[in-house]
>>> print(open('model34.tsv').read())   # TSV, C-alpha atoms and all ligand atoms
chain	number	residue	atom	x	y	z
A	1	MET	CA	0.00	0.00	0.00
A	2	LYS	CA	1.32	3.42	-0.90
A	3	ARG	CA	1.58	5.76	2.09
A	4	ASP	CA	0.02	9.16	1.57
A	5	LEU	CA	2.79	11.44	2.78
A	6	GLU	CA	0.77	14.56	1.99
A	7	VAL	CA	-1.60	14.09	4.90
A	8	ALA	CA	0.20	11.88	7.41
A	9	ARG	CA	1.44	13.80	10.46
A	10	LEU	CA	3.15	11.01	12.38
A	11	ASN	CA	4.70	13.10	15.12
A	12	ASP	CA	2.96	15.90	16.99
A	13	VAL	CA	6.27	17.47	18.00
A	14	ILE	CA	9.75	17.01	16.59
A	15	THR	CA	12.89	18.52	18.06
A	16	ILE	CA	16.64	18.73	17.44
A	17	GLY	CA	19.04	18.61	20.34
A	18	GLU	CA	21.97	17.15	22.13
A	19	ALA	CA	21.39	14.79	25.04
A	20	MET	CA	24.02	14.12	27.68
A	21	ILE	CA	24.66	11.73	30.46
A	22	THR	CA	23.88	13.83	33.50
A	23	PHE	CA	25.57	13.01	36.77
A	24	ASN	CA	23.28	14.09	39.56
A	25	PRO	CA	24.98	14.56	42.93
A	26	GLU	CA	23.72	12.33	45.74
A	27	SER	CA	24.05	15.24	48.17
A	28	THR	CA	23.85	19.03	48.02
A	29	GLY	CA	26.81	21.42	48.13
A	30	PRO	CA	29.83	22.40	46.02
A	31	LEU	CA	30.59	19.97	43.23
A	32	LYS	CA	34.26	19.62	44.15
A	33	PHE	CA	33.30	17.92	47.43
A	34	ILE	CA	30.70	15.56	45.97
A	35	ASN	CA	31.86	11.95	45.88
A	36	ARG	CA	28.73	10.13	44.79
A	37	PHE	CA	26.67	10.70	41.68
A	38	GLU	CA	23.73	9.01	40.04
A	39	LYS	CA	23.88	8.48	36.29
A	40	LYS	CA	20.89	10.04	34.54
A	41	VAL	CA	20.00	11.51	31.15
A	42	GLY	CA	19.59	15.22	30.37
A	43	GLY	CA	19.23	17.60	27.48
A	44	ALA	CA	16.54	20.24	27.11
A	45	GLU	CA	15.12	19.06	23.78
A	46	LEU	CA	15.03	15.40	24.80
A	47	ASN	CA	13.36	16.42	28.08
A	48	LEU	CA	10.70	18.20	26.02
A	49	ALA	CA	10.19	15.13	23.86
A	50	ILE	CA	9.82	12.95	26.97
A	51	GLY	CA	7.40	15.47	28.45
A	52	VAL	CA	5.03	15.48	25.49
A	53	SER	CA	5.34	11.72	25.03
A	54	ARG	CA	4.33	11.07	28.66
A	55	LEU	CA	1.26	13.25	28.10
A	56	GLY	CA	0.25	10.95	25.27
A	57	LEU	CA	1.48	12.85	22.21
A	58	LYS	CA	3.92	11.54	19.62
A	59	ALA	CA	7.41	13.02	19.73
A	60	GLY	CA	10.39	12.63	17.41
A	61	TRP	CA	13.98	13.55	18.21
A	62	ILE	CA	16.81	14.39	15.79
A	63	SER	CA	20.31	13.95	17.22
A	64	ARG	CA	23.73	12.36	17.14
A	65	LEU	CA	25.26	10.37	20.00
A	66	GLY	CA	28.67	8.83	20.53
A	67	ASN	CA	29.13	5.25	19.43
A	68	ASP	CA	29.76	4.33	23.05
A	69	GLU	CA	28.06	2.84	26.09
A	70	PHE	CA	26.57	6.16	27.18
A	71	GLY	CA	25.27	6.95	23.70
A	72	LYS	CA	23.64	3.54	23.48
A	73	TYR	CA	22.09	4.01	26.91
A	74	ILE	CA	20.59	7.40	25.96
A	75	LYS	CA	19.07	6.09	22.73
A	76	THR	CA	17.57	3.09	24.55
A	77	PHE	CA	16.26	5.42	27.25
A	78	ALA	CA	14.62	7.73	24.67
A	79	ARG	CA	13.12	4.77	22.83
A	80	GLY	CA	11.78	3.47	26.12
A	81	GLU	CA	9.95	6.77	26.56
A	82	GLY	CA	8.17	6.11	23.28
A	83	ILE	CA	10.12	8.70	21.30
A	84	ASP	CA	10.70	8.26	17.57
A	85	VAL	CA	14.51	7.85	17.44
A	86	SER	CA	14.69	7.09	13.73
A	87	GLN	CA	16.72	10.31	13.26
A	88	VAL	CA	19.25	9.55	15.99
A	89	ALA	CA	22.53	7.97	14.90
A	90	HIS	CA	25.72	6.93	16.70
A	91	VAL	CA	28.97	8.40	15.40
A	92	ASN	CA	32.56	7.30	15.88
A	93	GLY	CA	35.24	9.61	17.25
A	94	TYR	CA	32.92	11.89	19.21
A	95	PRO	CA	32.19	10.74	22.76
A	96	THR	CA	28.70	11.24	24.18
A	97	SER	CA	28.67	14.49	26.15
A	98	LEU	CA	28.55	14.65	29.94
A	99	ASN	CA	27.08	17.08	32.42
A	100	PHE	CA	27.83	17.15	36.15
A	101	LYS	CA	25.31	18.94	38.33
A	102	GLU	CA	25.77	20.80	41.57
A	103	ILE	CA	22.59	21.17	43.61
A	104	ARG	CA	22.12	23.61	46.49
A	105	GLU	CA	19.87	23.13	49.54
A	106	ASP	CA	17.06	25.13	47.88
A	107	GLY	CA	17.07	22.94	44.76
A	108	SER	CA	18.83	25.50	42.53
A	109	GLY	CA	22.25	24.70	41.15
A	110	LYS	CA	24.95	24.84	38.52
A	111	THR	CA	25.96	22.60	35.66
A	112	PHE	CA	29.46	21.67	34.54
A	113	TYR	CA	29.58	20.48	30.94
A	114	TYR	CA	31.98	18.15	29.15
A	115	ARG	CA	30.60	18.68	25.67
A	116	ASN	CA	33.32	20.39	23.61
A	117	GLN	CA	33.45	17.56	21.13
A	118	SER	CA	29.74	17.08	20.79
A	119	PRO	CA	28.60	14.23	18.50
A	120	THR	CA	26.05	16.71	17.09
A	121	LEU	CA	28.95	18.49	15.33
A	122	THR	CA	28.73	15.65	12.80
A	123	LEU	CA	25.10	16.41	11.90
A	124	GLY	CA	24.94	18.73	8.91
A	125	PRO	CA	22.01	20.59	7.31
A	126	THR	CA	21.80	18.07	4.46
A	127	ASP	CA	21.32	15.24	6.96
A	128	LEU	CA	17.88	16.53	7.92
A	129	ASP	CA	15.21	14.23	6.51
A	130	GLU	CA	12.51	16.30	4.82
A	131	VAL	CA	9.90	13.56	5.18
A	132	PHE	CA	10.38	13.57	8.95
A	133	PHE	CA	9.49	17.27	8.94
A	134	LYS	CA	6.63	16.84	6.52
A	135	GLN	CA	5.05	14.33	8.89
A	136	ALA	CA	5.09	16.55	12.01
A	137	LYS	CA	2.96	19.37	13.41
A	138	ILE	CA	5.35	21.38	15.59
A	139	LEU	CA	9.13	21.84	15.43
A	140	HIS	CA	10.58	22.70	18.84
A	141	LEU	CA	13.95	24.45	18.92
A	142	THR	CA	16.14	25.82	21.69
A	143	GLY	CA	19.03	28.21	21.99
A	144	ILE	CA	21.22	25.43	23.36
A	145	TYR	CA	21.67	23.64	20.06
A	146	PRO	CA	23.04	26.63	18.06
A	147	ALA	CA	25.42	27.37	20.96
A	148	ILE	CA	27.24	24.07	20.38
A	149	GLY	CA	28.99	24.96	17.12
A	150	GLU	CA	28.83	26.69	13.75
A	151	ILE	CA	27.33	23.68	11.99
A	152	ASN	CA	24.62	23.42	14.65
A	153	LYS	CA	23.51	26.96	13.75
A	154	GLN	CA	23.29	25.95	10.08
A	155	VAL	CA	21.19	22.94	11.04
A	156	ILE	CA	18.78	25.14	12.99
A	157	PHE	CA	18.23	27.51	10.04
A	158	LYS	CA	17.79	24.60	7.63
A	159	ALA	CA	15.26	23.08	10.04
A	160	ILE	CA	13.38	26.39	10.12
A	161	ASP	CA	13.25	26.37	6.29
A	162	LEU	CA	11.91	22.82	6.21
A	163	ALA	CA	9.35	23.57	8.93
A	164	LYS	CA	8.06	26.59	7.01
A	165	LYS	CA	7.96	24.70	3.74
A	166	HIS	CA	5.75	22.04	5.32
A	167	SER	CA	3.62	24.37	7.49
A	168	LEU	CA	4.86	23.21	10.90
A	169	LYS	CA	4.49	25.63	13.80
A	170	ILE	CA	7.87	26.62	15.22
A	171	SER	CA	8.21	26.58	18.98
A	172	PHE	CA	11.29	28.13	20.55
A	173	ASP	CA	12.84	28.31	24.02
A	174	PRO	CA	15.98	30.51	24.12
A	175	ASN	CA	17.39	28.36	26.97
A	176	ILE	CA	20.40	30.69	27.16
A	177	ARG	CA	23.43	28.84	28.53
A	178	LEU	CA	26.17	31.36	29.23
A	179	ARG	CA	28.63	28.56	29.90
A	180	MET	CA	28.41	27.85	26.17
A	181	TRP	CA	28.54	31.28	24.57
A	182	SER	CA	28.66	34.99	25.41
A	183	LYS	CA	25.61	37.21	25.83
A	184	GLU	CA	26.58	39.03	22.61
A	185	GLU	CA	26.81	35.85	20.54
A	186	ALA	CA	23.61	34.44	22.04
A	187	SER	CA	21.72	37.65	21.41
A	188	LYS	CA	22.87	37.89	17.79
A	189	VAL	CA	21.92	34.33	16.82
A	190	LEU	CA	18.73	34.05	18.84
A	191	TYR	CA	17.46	37.40	17.55
A	192	GLU	CA	17.78	36.01	14.03
A	193	ILE	CA	15.63	33.02	14.99
A	194	LEU	CA	12.81	35.05	16.60
A	195	PRO	CA	11.00	36.29	13.44
A	196	HIS	CA	10.47	32.66	12.39
A	197	VAL	CA	8.91	31.66	15.70
A	198	ASP	CA	5.19	30.95	16.25
A	199	ILE	CA	5.37	29.89	19.91
A	200	LEU	CA	7.87	31.62	22.20
A	201	LEU	CA	8.57	29.98	25.57
A	202	ALA	CA	11.10	32.09	27.44
A	203	GLY	CA	12.33	33.55	30.69
A	204	ALA	CA	12.22	37.35	31.12
A	205	GLU	CA	15.99	37.50	31.80
A	206	GLU	CA	16.62	35.65	28.55
A	207	MET	CA	14.51	38.10	26.59
A	208	ASP	CA	16.46	40.91	28.21
A	209	ILE	CA	19.61	39.44	26.65
A	210	ILE	CA	17.99	38.99	23.23
A	211	ILE	CA	15.80	42.09	22.83
A	212	GLY	CA	16.79	44.28	25.78
A	213	GLU	CA	13.35	44.00	27.44
A	214	LYS	CA	12.42	42.09	30.58
A	215	ASP	CA	9.02	43.53	31.34
A	216	PRO	CA	6.43	40.92	30.23
A	217	ASP	CA	4.20	43.53	28.54
A	218	ARG	CA	7.14	44.94	26.57
A	219	ILE	CA	8.28	41.44	25.60
A	220	ILE	CA	4.77	40.65	24.35
A	221	GLU	CA	4.64	43.90	22.36
A	222	LYS	CA	7.93	43.07	20.67
A	223	ALA	CA	6.82	39.48	20.05
A	224	LYS	CA	3.65	40.73	18.36
A	225	GLU	CA	5.72	43.02	16.13
A	226	LEU	CA	7.76	39.98	15.12
A	227	GLY	CA	4.61	38.05	14.24
A	228	ILE	CA	4.83	35.53	17.11
A	229	SER	CA	1.35	34.21	17.88
A	230	TYR	CA	1.82	32.51	21.28
A	231	VAL	CA	4.07	33.84	24.05
A	232	ALA	CA	4.71	32.30	27.46
A	233	ILE	CA	7.05	34.03	29.88
A	234	LYS	CA	8.16	31.62	32.58
A	235	GLN	CA	8.68	33.25	35.97
A	236	GLY	CA	9.40	30.26	38.22
A	237	ASP	CA	7.63	30.54	41.58
A	238	LYS	CA	5.86	33.69	40.32
A	239	GLY	CA	3.93	31.70	37.71
A	240	SER	CA	3.79	32.59	34.03
A	241	VAL	CA	2.46	35.26	31.72
A	242	GLY	CA	0.89	34.13	28.47
A	243	TYR	CA	-0.28	35.91	25.34
A	244	HIS	CA	-2.39	34.75	22.42
A	245	ASP	CA	-4.89	36.41	20.09
A	246	GLY	CA	-5.08	39.77	21.86
A	247	GLU	CA	-5.34	38.26	25.34
A	248	THR	CA	-2.63	38.49	28.06
A	249	ILE	CA	-2.99	36.36	31.18
A	250	LEU	CA	-0.95	36.05	34.36
A	251	SER	CA	-1.28	32.53	35.65
A	252	PRO	CA	-0.16	32.05	39.27
A	253	ALA	CA	2.42	29.41	40.16
A	254	ILE	CA	1.33	26.09	41.54
A	255	LYS	CA	3.10	25.35	44.80
A	256	ALA	CA	5.49	22.44	44.54
A	257	SER	CA	5.26	19.76	47.24
A	258	LYS	CA	9.01	20.32	47.70
A	259	VAL	CA	11.84	21.79	45.63
A	260	ALA	CA	14.50	19.13	45.12
A	261	ASP	CA	16.00	20.08	41.73
A	262	THR	CA	14.83	22.96	39.55
A	263	VAL	CA	16.53	21.75	36.34
A	264	GLY	CA	14.01	20.58	33.78
A	265	ALA	CA	11.06	22.65	35.04
A	266	GLY	CA	11.18	24.89	31.96
A	267	ASP	CA	11.10	21.91	29.62
A	268	GLY	CA	8.18	20.45	31.54
A	269	PHE	CA	6.32	23.75	31.25
A	270	ASN	CA	7.00	23.78	27.51
A	271	ALA	CA	5.62	20.26	27.11
A	272	GLY	CA	2.42	21.30	28.87
A	273	PHE	CA	2.08	24.48	26.82
A	274	LEU	CA	2.47	22.62	23.52
A	275	TYR	CA	-0.03	20.03	24.72
A	276	GLY	CA	-2.59	22.78	25.34
A	277	ILE	CA	-2.02	24.31	21.90
A	278	ILE	CA	-2.28	20.98	20.10
A	279	ASN	CA	-5.54	20.25	21.91
A	280	GLY	CA	-6.98	23.69	21.17
A	281	TRP	CA	-7.31	24.66	24.85
A	282	THR	CA	-7.83	28.22	26.08
A	283	LEU	CA	-4.73	30.19	27.03
A	284	ASP	CA	-5.78	30.16	30.68
A	285	LYS	CA	-6.16	26.38	30.84
A	286	THR	CA	-2.92	25.88	28.92
A	287	LEU	CA	-0.89	28.10	31.27
A	288	HIS	CA	-2.36	26.48	34.37
A	289	PHE	CA	-1.56	23.02	33.01
A	290	ALA	CA	1.99	24.04	32.06
A	291	ASN	CA	2.60	25.63	35.47
A	292	THR	CA	1.35	22.46	37.14
A	293	ILE	CA	3.88	20.37	35.24
A	294	GLY	CA	6.72	22.78	36.14
A	295	SER	CA	5.83	22.44	39.81
A	296	MET	CA	5.81	18.65	39.56
A	297	VAL	CA	9.22	18.48	37.84
A	298	VAL	CA	11.02	20.46	40.57
A	299	SER	CA	9.96	18.09	43.31
A	300	VAL	CA	11.89	15.16	41.81
A	301	LEU	CA	15.68	14.83	41.39
A	302	GLY	CA	16.87	14.61	37.79
A	303	ASP	CA	16.17	16.58	34.62
A	304	ASN	CA	13.21	14.52	33.39
A	305	GLU	CA	12.23	11.98	36.06
A	306	GLY	CA	9.56	14.31	37.44
A	307	LEU	CA	7.80	14.85	34.09
A	308	PRO	CA	4.26	13.62	34.76
A	309	TYR	CA	1.95	11.31	32.87
A	310	TYR	CA	-1.46	12.82	32.08
A	311	GLU	CA	-3.15	10.92	34.93
A	312	ASP	CA	-0.57	12.25	37.42
A	313	ILE	CA	-1.65	15.79	36.56
A	314	GLN	CA	-5.33	14.93	36.86
A	315	GLU	CA	-4.58	13.54	40.32
A	316	LYS	CA	-2.59	16.61	41.28
A	317	LEU	CA	-5.43	18.89	40.12
A	318	GLY	CA	-7.98	16.78	42.01
A	319	GLU	CA	-9.76	15.78	38.78
A	320	ILE	CA	-9.43	12.08	39.55
A	321	GLU	CA	-9.13	10.31	42.85
A	322	ALA	CA	-5.68	9.17	43.90
A	323	ILE	CA	-5.74	5.51	44.83
A	324	GLU	CA	-2.73	4.61	46.93
A	325	ARG	CA	-3.27	0.92	47.53
B	401	LIG	O1	21.90	22.63	30.14
B	401	LIG	C1	21.76	21.91	29.14
B	401	LIG	O2	22.42	22.08	28.12
B	401	LIG	C2	20.78	20.84	29.14
B	401	LIG	O3	20.21	20.59	28.14
B	401	LIG	C3	20.53	20.14	30.44
B	401	LIG	C4	19.14	20.24	31.03
B	401	LIG	O4	18.49	19.01	30.85
B	401	LIG	C5	18.30	21.38	30.53
B	401	LIG	O5	19.07	22.52	30.47
B	401	LIG	C6	17.11	21.66	31.40
B	401	LIG	O6	16.48	22.86	31.00
B	401	LIG	P1	15.42	23.69	31.89
B	401	LIG	O7	14.12	22.98	31.77
B	401	LIG	O8	15.38	25.03	31.25
B	401	LIG	O9	15.92	23.67	33.31
>>> encode(input="model34.tsv", output="structure tokens", more="lines below")
Ligand SMILES: O=C(O)C(=O)C[C@H](O)[C@H](O)COP(=O)(O)O
Amino acid sequence: MKRDLEVARLNDVITIGEAMITFNPESTGPLKFINRFEKKVGGAELNLAIGVSRLGLKAGWISRLGNDEFGKYIKTFARGEGIDVSQVAHVNGYPTSLNFKEIREDGSGKTFYYRNQSPTLTLGPTDLDEVFFKQAKILHLTGIYPAIGEINKQVIFKAIDLAKKHSLKISFDPNIRLRMWSKEEASKVLYEILPHVDILLAGAEEMDIIIGEKDPDRIIEKAKELGISYVAIKQGDKGSVGYHDGETILSPAIKASKVADTVGAGDGFNAGFLYGIINGWTLDKTLHFANTIGSMVVSVLGDNEGLPYYEDIQEKLGEIEAIER
């Protein structure tokens, strides 16, 4: 039977990103005094893919991993989360990247990367499979990927071209990582991406670096000028501000049961926001849902372990009864 590629949208969300083995400390405090770590998996774009997949959507991930034990583990892990890994290949000569985390008492922390020779440096613009794009609804990008290297920037702009050609919505989180590039470089490249974006998911401080504005209303004004149709400004324990179709809403934060590890909360929020858009929810409902996910992620150690399944959120919101035993 011939597949009709014109209409099939196999993945709801596709994303391009580097994943790393993340070593989470077993105790809080300065990294140099930590002796025990737990091996986990991290990477903003993969976290997003896991987030939407756990909610019941279909996610596809484009990446390169080392042809090593860690690379094989990450691919198996992603596959186990139900993610389409058909665009993930192992490459020789580039070890899978590593990330060591330092976590403070309040759950905030620092990251220490070992990713100078990223396997994603071997992925070029011509490696992107047009059919994979054609079959998706949303392309999610971050500012981490173009910070890795020159070729990664080229890949991002080629991906934007393919997404536009096939009418995908482009979702973008600046995810500015100043350990990877300077404010000037980040601002230059990320500003070039903005006019292509349909859904902007950012922190106010990040937008200050890119457009010189950190006031949510000013950010929204600028976003509208650039033709961005959905904006979400993530403000941590102050909740989030959203904009769509002439309406701006401040959605209060949901209190986390505890704050163990704040890394990954933004990706969880993004997953929830995209879920709301795909399901045609109101902005208010979408923001509340996304905030709820952010609050659930911070209560669990690890970058993606706390990403909830749909039923977990219904339980948290009191929509279904929690049965313990
Ligand atoms: O730092 C990187 O390069 C990573 O990709 C590691 C992390 O998994 C994400 O950074 C989490 O991102 P947030 O959800 O914004 O906390």
>>> residues_near_ligand(input="model34.tsv", ligand="ligand LIG 401 (chain B)", cutoff="6 Å", atoms="only C-alpha atoms and all ligand atoms", output="PyMOL selection string")
chain A and resi 42-44+144+175+263-267+303
>>> closest_residue(input="model34.tsv", among="A:Pro195, A:Gly203, A:Gly107, A:Gly239", to="Lys255 in chain A", atoms="only C-alpha atoms")
A:Gly239
>>> axis_aligned_box(input="model34.tsv", around="range 295-310 of chain A", padding_each_side="4 Å", output="AutoDock Vina command-line options")
--center_x 7.7 --center_y 16.9 --center_z 37.7 --size_x 26.3 --size_y 19.1 --size_z 19.2
>>> atom_distance(input="model34.tsv", atom1="CA of Leu46 in chain A", atom2="CA of Gly17 in chain A")
6.8 Å
>>> residues_near_point(input="model34.tsv", point="(-2.6, 21.4, 39.6)", cutoff="9 Å", atoms="all atoms listed in the file", output="ChimeraX atom specification")
/A:254-255,288-289,291-293,295-296,313-318
>>> write_last_selection(input="model34.tsv", atoms="C-alpha atoms", output="compact mmCIF listing (two decimals), keeping the file's coordinate frame")
# COMPACT_ATOMS: atom_id res chain seq x y z
CA ILE A 254 1.33 26.09 41.54
CA LYS A 255 3.10 25.35 44.80
CA HIS A 288 -2.36 26.48 34.37
CA PHE A 289 -1.56 23.02 33.01
CA ASN A 291 2.60 25.63 35.47
CA THR A 292 1.35 22.46 37.14
CA ILE A 293 3.88 20.37 35.24
CA SER A 295 5.83 22.44 39.81
CA MET A 296 5.81 18.65 39.56
CA ILE A 313 -1.65 15.79 36.56
CA GLN A 314 -5.33 14.93 36.86
CA GLU A 315 -4.58 13.54 40.32
CA LYS A 316 -2.59 16.61 41.28
CA LEU A 317 -5.43 18.89 40.12
CA GLY A 318 -7.98 16.78 42.01
>>> atom_distance(input="model34.tsv", atom1="CA of Gly242 in chain A", atom2="CA of Gly109 in chain A")
26.6 Å
>>> closest_residue(input="model34.tsv", among="A:Leu31, A:Val241, A:Ala49, A:Ile21", to="Gly66 in chain A", atoms="all atoms listed in the file")
A:Ile21
>>> atom_distance(input="model34.tsv", atom1="CA of Ser63 in chain A", atom2="CA of Arg179 in chain A")
21.1 Å
>>> closest_atom_pairs(input="model34.tsv", of="range 108-190 of chain A", to="range 207-223 of chain A", cutoff="9 Å", atoms="all atoms listed in the file", output="JSON lines")
{"residue": "A:Pro174", "atom": "CA", "partner": "A:Met207", "partner_atom": "CA", "distance": 8.1}
{"residue": "A:Ile176", "atom": "CA", "partner": "A:Ile209", "partner_atom": "CA", "distance": 8.8}
{"residue": "A:Lys183", "atom": "CA", "partner": "A:Ile209", "partner_atom": "CA", "distance": 6.5}
{"residue": "A:Glu184", "atom": "CA", "partner": "A:Ile209", "partner_atom": "CA", "distance": 8.1}
{"residue": "A:Ala186", "atom": "CA", "partner": "A:Ile210", "partner_atom": "CA", "distance": 7.3}
{"residue": "A:Ser187", "atom": "CA", "partner": "A:Ile210", "partner_atom": "CA", "distance": 4.4}
{"residue": "A:Lys188", "atom": "CA", "partner": "A:Ile210", "partner_atom": "CA", "distance": 7.4}
{"residue": "A:Val189", "atom": "CA", "partner": "A:Ile210", "partner_atom": "CA", "distance": 8.8}
{"residue": "A:Leu190", "atom": "CA", "partner": "A:Ile210", "partner_atom": "CA", "distance": 6.7}
>>> closest_residue(input="model34.tsv", among="A:Ser251, A:Ser299, A:Thr142, A:Ser171", to="Lys238 in chain A", atoms="all atoms listed in the file")
A:Ser251
>>> closest_residue(input="model34.tsv", among="A:Arg104, A:Lys58, A:Lys234, A:Arg115", to="Ala19 in chain A", atoms="only C-alpha atoms")
A:Arg115
>>> residues_around(input="model34.tsv", residues="Leu287 in chain A", least_positions_apart="6", cutoff="12 Å", atoms="all atoms listed in the file", output="JSON, numbers by chain")
{"A": [201, 230, 231, 232, 233, 234, 235, 239, 240, 241, 242, 243, 244, 248, 249, 250, 251, 252, 253, 254, 268, 269, 270, 271, 272, 273, 274, 275, 276, 277, 281, 293, 294]}
>>> closest_residue(input="model34.tsv", among="A:Phe112, A:Gly93, A:Val197, A:Trp181", to="Glu225 in chain A", atoms="all atoms listed in the file")
A:Val197
>>> residues_around(input="model34.tsv", residues="Lys137 in chain A", least_positions_apart="6", cutoff="9 Å", atoms="only C-alpha atoms", output="tab-separated table (two decimals) with C-alpha atoms, in the frame of the given file")
chain	number	residue	atom	x	y	z
A	9	ARG	CA	1.44	13.80	10.46
A	10	LEU	CA	3.15	11.01	12.38
A	11	ASN	CA	4.70	13.10	15.12
A	12	ASP	CA	2.96	15.90	16.99
A	13	VAL	CA	6.27	17.47	18.00
A	14	ILE	CA	9.75	17.01	16.59
A	163	ALA	CA	9.35	23.57	8.93
A	166	HIS	CA	5.75	22.04	5.32
A	167	SER	CA	3.62	24.37	7.49
A	168	LEU	CA	4.86	23.21	10.90
A	169	LYS	CA	4.49	25.63	13.80
A	170	ILE	CA	7.87	26.62	15.22
A	278	ILE	CA	-2.28	20.98	20.10
>>> residues_around(input="model34.tsv", residues="Thr111 in chain A", least_positions_apart="3", cutoff="9 Å", atoms="all atoms listed in the file", output="tab-separated table (two decimals) with C-alpha atoms, keeping the file's coordinate frame")
chain	number	residue	atom	x	y	z
A	99	ASN	CA	27.08	17.08	32.42
A	100	PHE	CA	27.83	17.15	36.15
A	101	LYS	CA	25.31	18.94	38.33
A	102	GLU	CA	25.77	20.80	41.57
A	103	ILE	CA	22.59	21.17	43.61
A	179	ARG	CA	28.63	28.56	29.90
>>> closest_residue(input="model34.tsv", among="A:Asn152, A:Asn92, A:Asn67, A:Thr282", to="Glu18 in chain A", atoms="all atoms listed in the file")
A:Asn152
>>> closest_atom_pairs(input="model34.tsv", of="range 113-153 of chain A", to="range 86-91 of chain A", cutoff="8 Å", atoms="only C-alpha atoms", output="Markdown table")
| residue | atom | partner | partner_atom | distance |
| --- | --- | --- | --- | --- |
| A:Pro119 | CA | A:Val91 | CA | 6.6 |
| A:Thr122 | CA | A:Val91 | CA | 7.7 |
| A:Asp129 | CA | A:Gln87 | CA | 8.0 |
>>> residues_around(input="model34.tsv", residues="Lys165 in chain A", least_positions_apart="4", cutoff="9 Å", atoms="only C-alpha atoms", output="PyMOL selection string")
chain A and resi 134+160-161
>>> decode(input="model34.tsv", residues="range 258-271 of chain A", atoms="N, CA and C atoms", output="short mmCIF file (atom, residue, chain, number, x, y, z; two decimals), in the first residue's frame")
data_model
loop_
_atom_site.label_atom_id
_atom_site.label_comp_id
_atom_site.auth_asym_id
_atom_site.auth_seq_id
_atom_site.Cartn_x
_atom_site.Cartn_y
_atom_site.Cartn_z
N LYS A 258 7.69 19.96 47.18
CA LYS A 258 9.01 20.32 47.70
C LYS A 258 9.88 20.71 46.50
N VAL A 259 10.97 21.44 46.74
CA VAL A 259 11.84 21.79 45.63
C VAL A 259 13.15 21.02 45.80
N ALA A 260 13.31 19.97 45.01
CA ALA A 260 14.50 19.13 45.12
C ALA A 260 15.54 19.51 44.07
N ASP A 261 15.08 19.86 42.87
CA ASP A 261 16.00 20.08 41.73
C ASP A 261 15.23 20.86 40.66
N THR A 262 15.62 22.12 40.47
CA THR A 262 14.83 22.96 39.55
C THR A 262 15.12 22.70 38.07
N VAL A 263 16.18 21.99 37.76
CA VAL A 263 16.53 21.75 36.34
C VAL A 263 15.43 20.90 35.68
N GLY A 264 15.01 21.34 34.53
CA GLY A 264 14.01 20.58 33.78
C GLY A 264 12.61 21.16 33.89
N ALA A 265 12.41 22.09 34.85
CA ALA A 265 11.06 22.65 35.04
C ALA A 265 10.60 23.39 33.79
N GLY A 266 11.53 24.13 33.17
CA GLY A 266 11.18 24.89 31.96
C GLY A 266 10.76 23.96 30.84
N ASP A 267 11.45 22.86 30.69
CA ASP A 267 11.10 21.91 29.62
C ASP A 267 9.73 21.28 29.89
N GLY A 268 9.48 21.01 31.16
CA GLY A 268 8.18 20.45 31.54
C GLY A 268 7.07 21.44 31.22
N PHE A 269 7.29 22.70 31.57
CA PHE A 269 6.32 23.75 31.25
C PHE A 269 6.05 23.76 29.75
N ASN A 270 7.13 23.74 28.97
CA ASN A 270 7.00 23.78 27.51
C ASN A 270 6.14 22.62 27.00
N ALA A 271 6.38 21.44 27.55
CA ALA A 271 5.62 20.26 27.11
C ALA A 271 4.13 20.50 27.36
#
